[in-house]
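Structure data (PDB, C-alpha atoms) from upload.pdb:
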```pdb
ATOM      1  CA  MET A   1       0.000   0.000   0.000
ATOM      2  CA  GLY A   2       1.210   3.486  -0.771
ATOM      3  CA  SER A   3       1.733   6.038   1.913
ATOM      4  CA  SER A   4      -1.093   8.463   2.649
ATOM      5  CA  PRO A   5      -0.550  12.107   1.578
ATOM      6  CA  THR A   6       0.470  14.418   4.322
ATOM      7  CA  PRO A   7      -1.863  17.246   5.474
ATOM      8  CA  GLY A   8       0.536  19.754   3.938
ATOM      9  CA  ALA A   9       0.343  18.067   0.541
ATOM     10  CA  LEU A  10      -3.449  18.033   0.713
ATOM     11  CA  CYS A  11      -3.520  21.778   1.446
ATOM     12  CA  MET A  12      -1.156  22.455  -1.453
ATOM     13  CA  ASP A  13      -3.326  20.437  -3.847
ATOM     14  CA  SER A  14      -6.471  22.249  -2.638
ATOM     15  CA  LEU A  15      -4.810  25.636  -3.112
ATOM     16  CA  GLU A  16      -3.693  24.745  -6.636
ATOM     17  CA  ASP A  17      -7.191  23.541  -7.491
ATOM     18  CA  LEU A  18      -8.707  26.777  -6.134
ATOM     19  CA  LEU A  19      -6.308  28.931  -8.145
ATOM     20  CA  SER A  20      -7.014  26.879 -11.243
ATOM     21  CA  ILE A  21     -10.765  27.368 -10.818
ATOM     22  CA  LYS A  22     -10.324  31.121 -10.330
ATOM     23  CA  ASN A  23      -8.193  31.402 -13.457
ATOM     24  CA  GLN A  24     -10.797  29.479 -15.434
ATOM     25  CA  ASN A  25     -13.519  31.813 -14.160
ATOM     26  CA  LYS A  26     -11.482  34.841 -15.199
ATOM     27  CA  ILE A  27     -11.042  33.419 -18.694
ATOM     28  CA  VAL A  28     -14.751  32.709 -19.005
ATOM     29  CA  GLN A  29     -15.598  36.216 -17.702
ATOM     30  CA  SER A  30     -13.174  37.852 -20.132
ATOM     31  CA  LEU A  31     -14.916  36.041 -22.982
ATOM     32  CA  GLN A  32     -18.381  37.004 -21.743
ATOM     33  CA  ASP A  33     -17.670  40.724 -21.104
ATOM     34  CA  PRO A  34     -17.311  41.741 -24.768
ATOM     35  CA  LEU A  35     -20.545  39.907 -25.541
ATOM     36  CA  THR A  36     -22.356  41.700 -22.706
ATOM     37  CA  GLU A  37     -20.980  45.072 -23.811
ATOM     38  CA  ALA A  38     -21.991  44.377 -27.386
ATOM     39  CA  LYS A  39     -25.544  43.489 -26.332
ATOM     40  CA  THR A  40     -25.782  46.730 -24.326
ATOM     41  CA  ALA A  41     -24.187  48.889 -27.003
ATOM     42  CA  THR A  42     -26.456  47.666 -29.808
ATOM     43  CA  PRO A  43     -29.763  48.975 -28.334
ATOM     44  CA  ASN A  44     -28.095  52.286 -27.404
ATOM     45  CA  LYS A  45     -26.697  52.667 -30.904
ATOM     46  CA  GLU A  46     -30.073  51.906 -32.458
ATOM     47  CA  ARG A  47     -31.819  54.352 -30.117
ATOM     48  CA  LYS A  48     -29.308  57.084 -30.928
ATOM     49  CA  GLU A  49     -29.957  56.600 -34.624
ATOM     50  CA  GLU A  50     -33.699  56.933 -34.049
ATOM     51  CA  ILE A  51     -33.215  60.136 -32.046
ATOM     52  CA  LYS A  52     -30.902  61.523 -34.742
ATOM     53  CA  LYS A  53     -33.758  61.091 -37.212
ATOM     54  CA  GLU A  54     -35.982  63.108 -34.892
ATOM     55  CA  ILE A  55     -33.301  65.804 -34.615
ATOM     56  CA  TYR A  56     -33.128  66.171 -38.398
ATOM     57  CA  LEU A  57     -36.921  66.166 -38.559
ATOM     58  CA  ILE A  58     -37.437  69.017 -36.078
ATOM     59  CA  CYS A  59     -34.391  70.925 -37.342
ATOM     60  CA  LYS A  60     -35.240  70.705 -41.033
ATOM     61  CA  HIS A  61     -35.314  74.502 -41.285
ATOM     62  CA  GLN A  62     -32.827  75.256 -38.499
ATOM     63  CA  LYS A  63     -29.259  76.497 -38.644
ATOM     64  CA  GLN A  64     -26.439  73.961 -38.567
ATOM     65  CA  PHE A  65     -25.239  74.985 -35.105
ATOM     66  CA  ILE A  66     -28.629  74.015 -33.641
ATOM     67  CA  ILE A  67     -28.375  70.545 -35.194
ATOM     68  CA  LYS A  68     -24.790  70.208 -33.944
ATOM     69  CA  SER A  69     -25.764  71.256 -30.426
ATOM     70  CA  LEU A  70     -28.444  68.545 -30.253
ATOM     71  CA  LYS A  71     -26.146  65.885 -31.713
ATOM     72  CA  LYS A  72     -23.477  66.810 -29.167
ATOM     73  CA  LEU A  73     -26.092  66.633 -26.425
ATOM     74  CA  LEU A  74     -27.096  63.175 -27.672
ATOM     75  CA  GLU A  75     -23.563  61.887 -27.139
ATOM     76  CA  ASN A  76     -23.719  62.879 -23.477
ATOM     77  CA  SER A  77     -27.366  62.363 -22.595
ATOM     78  CA  ILE A  78     -29.672  60.160 -24.646
ATOM     79  CA  GLU A  79     -32.662  60.581 -22.322
ATOM     80  CA  ASN A  80     -32.495  64.388 -22.177
ATOM     81  CA  THR A  81     -32.093  64.721 -25.936
ATOM     82  CA  LYS A  82     -35.131  62.500 -26.471
ATOM     83  CA  ILE A  83     -37.149  64.647 -24.055
ATOM     84  CA  ILE A  84     -36.227  67.850 -25.913
ATOM     85  CA  CYS A  85     -37.173  66.294 -29.261
ATOM     86  CA  ASP A  86     -40.525  65.140 -27.854
ATOM     87  CA  TYR A  87     -41.166  68.624 -26.451
ATOM     88  CA  ILE A  88     -40.413  70.421 -29.709
ATOM     89  CA  ILE A  89     -42.609  67.959 -31.631
ATOM     90  CA  ALA A  90     -45.409  68.601 -29.120
ATOM     91  CA  GLU A  91     -44.974  72.355 -29.586
ATOM     92  CA  GLN A  92     -45.186  71.927 -33.357
ATOM     93  CA  ASN A  93     -48.394  69.928 -33.062
ATOM     94  CA  GLU A  94     -50.055  72.035 -30.357
ATOM     95  CA  ILE A  95     -49.247  75.615 -31.334
ATOM     96  CA  ASN A  96     -47.378  75.384 -34.655
ATOM     97  CA  ILE A  97     -44.261  76.885 -33.079
ATOM     98  CA  LYS A  98     -42.249  79.360 -35.189
ATOM     99  CA  GLU A  99     -38.756  78.386 -36.314
ATOM    100  CA  SER A 100     -37.232  81.382 -34.509
ATOM    101  CA  THR A 101     -38.991  80.389 -31.267
ATOM    102  CA  LYS A 102     -37.906  76.786 -31.744
ATOM    103  CA  GLU A 103     -34.282  77.899 -32.087
ATOM    104  CA  GLY A 104     -34.472  79.943 -28.888
ATOM    105  CA  LYS A 105     -36.002  77.108 -26.885
ATOM    106  CA  ILE A 106     -33.488  74.518 -28.064
ATOM    107  CA  LYS A 107     -30.568  76.839 -27.227
ATOM    108  CA  VAL A 108     -31.866  77.574 -23.719
ATOM    109  CA  LEU A 109     -32.774  73.968 -22.882
ATOM    110  CA  ALA A 110     -29.450  72.621 -24.171
ATOM    111  CA  ASP A 111     -27.620  75.278 -22.157
ATOM    112  CA  PHE A 112     -29.684  74.372 -19.079
ATOM    113  CA  ILE A 113     -28.790  70.669 -19.395
ATOM    114  CA  ILE A 114     -25.074  71.364 -19.823
ATOM    115  CA  PHE A 115     -25.098  73.773 -16.863
ATOM    116  CA  ASN A 116     -26.592  71.013 -14.698
ATOM    117  CA  ASN A 117     -24.000  68.503 -15.868
ATOM    118  CA  TYR A 118     -26.457  66.475 -17.981
ATOM    119  CA  LYS A 119     -28.660  65.658 -14.999
ATOM    120  CA  ASN A 120     -31.869  63.902 -16.035
ATOM    121  CA  LEU A 121     -34.544  66.530 -16.665
ATOM    122  CA  GLU A 122     -37.147  64.430 -14.861
ATOM    123  CA  ILE A 123     -35.324  64.796 -11.519
ATOM    124  CA  ILE A 124     -34.397  68.479 -11.757
ATOM    125  CA  THR A 125     -34.922  70.407  -8.507
ATOM    126  CA  LYS A 126     -35.867  73.982  -7.718
ATOM    127  CA  VAL A 127     -32.256  74.590  -6.663
ATOM    128  CA  ASP A 128     -31.073  73.468 -10.114
ATOM    129  CA  VAL A 129     -33.469  75.893 -11.831
ATOM    130  CA  LEU A 130     -32.592  78.860  -9.622
ATOM    131  CA  SER A 131     -28.858  78.174  -9.908
ATOM    132  CA  TYR A 132     -29.170  78.294 -13.689
ATOM    133  CA  LEU A 133     -31.282  81.463 -13.753
ATOM    134  CA  ASN A 134     -29.142  83.273 -11.202
ATOM    135  CA  LYS A 135     -25.998  82.829 -13.261
ATOM    136  CA  TYR A 136     -27.365  85.683 -15.392
ATOM    137  CA  ARG A 137     -27.496  88.150 -12.510
ATOM    138  CA  LYS A 138     -25.123  91.087 -12.893
ATOM    139  CA  ASP A 139     -23.761  93.669 -10.521
ATOM    140  CA  GLU A 140     -25.249  97.177 -10.554
ATOM    141  CA  GLN A 141     -21.942  98.633 -11.755
ATOM    142  CA  VAL A 142     -21.683  96.145 -14.627
ATOM    143  CA  ASP A 143     -25.322  96.469 -15.727
ATOM    144  CA  PRO A 144     -26.834  99.699 -14.324
ATOM    145  CA  GLU A 145     -29.877  99.391 -16.613
ATOM    146  CA  HIS A 146     -30.610  95.871 -15.319
ATOM    147  CA  ARG A 147     -30.763  94.337 -18.765
ATOM    148  CA  TRP A 148     -29.910  90.979 -17.163
ATOM    149  CA  ILE A 149     -33.498  90.861 -15.810
ATOM    150  CA  GLY A 150     -34.775  90.560 -19.391
ATOM    151  CA  THR A 151     -32.438  87.608 -19.967
ATOM    152  CA  TRP A 152     -33.491  86.037 -16.643
ATOM    153  CA  ASN A 153     -37.194  86.410 -17.482
ATOM    154  CA  ASN A 154     -36.787  85.014 -20.991
ATOM    155  CA  ARG A 155     -35.118  81.860 -19.677
ATOM    156  CA  HIS A 156     -37.678  81.621 -16.887
ATOM    157  CA  LEU A 157     -40.484  81.747 -19.458
ATOM    158  CA  ILE A 158     -38.939  78.948 -21.535
ATOM    159  CA  SER A 159     -38.124  76.809 -18.485
ATOM    160  CA  ASN A 160     -41.551  77.276 -16.922
ATOM    161  CA  LYS A 161     -43.452  76.234 -20.033
ATOM    162  CA  PHE A 162     -41.128  73.279 -20.663
ATOM    163  CA  PHE A 163     -41.336  71.844 -17.152
ATOM    164  CA  ARG A 164     -45.121  72.277 -17.076
ATOM    165  CA  TRP A 165     -45.272  70.201 -20.261
ATOM    166  CA  LEU A 166     -42.882  67.596 -18.831
ATOM    167  CA  ASN A 167     -44.943  67.352 -15.652
ATOM    168  CA  ASP A 168     -48.431  67.422 -17.204
ATOM    169  CA  SER A 169     -48.085  66.650 -20.919
ATOM    170  CA  ASP A 170     -51.320  64.624 -21.041
ATOM    171  CA  ASN A 171     -53.345  67.720 -20.161
ATOM    172  CA  PRO A 172     -54.807  69.065 -23.435
ATOM    173  CA  ASP A 173     -55.315  72.496 -21.848
ATOM    174  CA  ILE A 174     -51.769  73.754 -22.382
ATOM    175  CA  LYS A 175     -52.390  77.011 -20.492
ATOM    176  CA  ASN A 176     -53.408  75.187 -17.324
ATOM    177  CA  ARG A 177     -50.757  72.519 -17.098
ATOM    178  CA  LYS A 178     -49.614  71.971 -13.533
ATOM    179  CA  ALA A 179     -46.249  73.320 -12.465
ATOM    180  CA  PRO A 180     -43.836  70.742 -11.027
ATOM    181  CA  ALA A 181     -42.059  71.202  -7.695
ATOM    182  CA  CYS A 182     -38.944  72.558  -9.414
ATOM    183  CA  MET A 183     -40.871  75.593 -10.739
ATOM    184  CA  LYS A 184     -43.139  76.350  -7.792
ATOM    185  CA  GLY A 185     -42.254  79.728  -6.307
ATOM    186  CA  VAL A 186     -39.890  80.588  -9.158
ATOM    187  CA  LYS A 187     -41.341  83.873 -10.408
ATOM    188  CA  ARG A 188     -40.539  86.399 -13.100
ATOM    189  CA  LEU A 189     -38.568  89.422 -11.909
ATOM    190  CA  SER A 190     -39.878  92.983 -12.126
ATOM    191  CA  ARG A 191     -37.710  95.572 -13.840
ATOM    192  CA  LYS A 192     -36.686  98.522 -11.675
ATOM    193  CA  GLU A 193     -37.022 100.939 -14.568
ATOM    194  CA  VAL A 194     -40.486 102.139 -15.656
ATOM    195  CA  SER A 195     -39.206 102.133 -19.237
ATOM    196  CA  ARG A 196     -36.110 100.693 -20.857
ATOM    197  CA  TYR A 197     -35.738 103.891 -22.910
ATOM    198  CA  LYS A 198     -33.760 106.902 -21.700
ATOM    199  CA  PRO A 199     -34.554 110.539 -22.525
ATOM    200  CA  SER A 200     -31.521 110.568 -24.807
ATOM    201  CA  ASP A 201     -33.182 107.829 -26.908
ATOM    202  CA  LEU A 202     -36.037 110.169 -27.890
ATOM    203  CA  TRP A 203     -35.907 112.370 -30.955
ATOM    204  CA  THR A 204     -35.262 116.072 -30.603
ATOM    205  CA  ALA A 205     -37.664 118.645 -32.082
ATOM    206  CA  ARG A 206     -35.254 119.175 -34.990
ATOM    207  CA  GLU A 207     -35.099 115.428 -35.748
ATOM    208  CA  SER A 208     -38.891 115.247 -35.721
ATOM    209  CA  GLU A 209     -39.110 118.125 -38.208
ATOM    210  CA  VAL A 210     -36.691 116.403 -40.580
ATOM    211  CA  PHE A 211     -38.692 113.180 -40.355
ATOM    212  CA  LEU A 212     -41.980 114.947 -41.156
ATOM    213  CA  LYS A 213     -40.380 116.804 -44.040
ATOM    214  CA  TYR A 214     -39.173 113.657 -45.760
ATOM    215  CA  CYS A 215     -41.774 111.187 -44.508
ATOM    216  CA  PRO A 216     -43.138 109.393 -47.615
ATOM    217  CA  SER A 217     -46.508 108.679 -46.051
ATOM    218  CA  LYS A 218     -48.819 111.133 -44.322
ATOM    219  CA  ARG A 219     -50.313 108.188 -42.501
ATOM    220  CA  ASP A 220     -47.060 107.732 -40.523
ATOM    221  CA  SER A 221     -46.778 111.354 -39.341
ATOM    222  CA  PRO A 222     -49.267 110.984 -36.407
ATOM    223  CA  PHE A 223     -46.859 108.516 -34.752
ATOM    224  CA  LEU A 224     -44.707 111.425 -33.603
TER     225      LEU A 224
END
```
Do you think you could lay out the structure here as structure tokens?
Amino acid sequence: MGSSPTPGALCMDSLEDLLSIKNQNKIVQSLQDPLTEAKTATPNKERKEEIKKEIYLICKHQKQFIIKSLKKLLENSIENTKIICDYIIAEQNEINIKESTKEGKIKVLADFIIFNNYKNLEIITKVDVLSYLNKYRKDEQVDPEHRWIGTWNNRHLISNKFFRWLNDSDNPDIKNRKAPACMKGVKRLSRKEVSRYKPSDLWTARESEVFLKYCPSKRDSPFL
């Protein structure tokens, strides 16, 4: 009869078997990973192509930089780009949005997403909205006429309408869509000036006389 293996030899054999099994698992995993990545990448690639078609559809009459901005956004945030496309399509169907208005909305919404580091639009908070709007505030010395308030209000208007749609898109009454939590309490700002025009912007008596003298239409003269 042969001699029985020592405890030390048994431990060594067990350790070698364990290492062998681990190495085999690593090999199997390394072969599976590319397949898993390929399966994940294929749906994403197909979805991106579908969204690109929507981008070209809504930007048929837009400038190239608008198309490029959406395509760049798509590379960083598929979900947000899809939401913007859906919103613009809804605006086209509901109110026949003008191309100039469409351009302005796409620019603001893309800028908003980038500012918030591509955070999903469906989980945006009130802090995110206010942080974005307040980046347009300017010091009194830099902007004594408070023109920044016009910029703030314009972006508030676009954001407010967009998030109401996102929150209550099934409501056919577009004017009474419910505001989400991120927009509640976020109000338009009042301008400090009664008028944006200064006395120096008005015509002098001499300028008015020249206008009336050479005015081609008598109908326009009462405007002075």
Fill in: Residue among A:Val127, A:Thr151, A:Ser69, A:Gln62 lying closest to Ala181 (chain A), counting all atoms listed in the file
A:Val127
Fill in: d(CA of Ile114 (chain A), CA of Lys178 (chain A)) in Å
25.3 Å
Item to complete: Compile the contact shell of Asn153 (chain A) as a PyMOL selection string: residues with an atom at most 10 Å away, counting all atoms listed in the file, same-chain residues fewer than 3 positions apart removed.
Response: chain A and resi 133+148-150+156-159+187-191
Discussion item. Assuming the chain letters and numbering stay as they are in my file, what does the PyMOL selection byres ((chain A and resi 87) around 10) actually select? List them as an MDAnalysis selection string.
Written reply: chainID A and resid 81:86 88:93 105:106 162:163 165:166 169
Worksheet item: Written as a VMD selection string, what is the full residue list that the PyMOL selection byres ((chain A and resi 51) around 9) yields on the file shown?
Response: chain A and resid 46 to 50 52 to 56 74 78 81 to 82 85
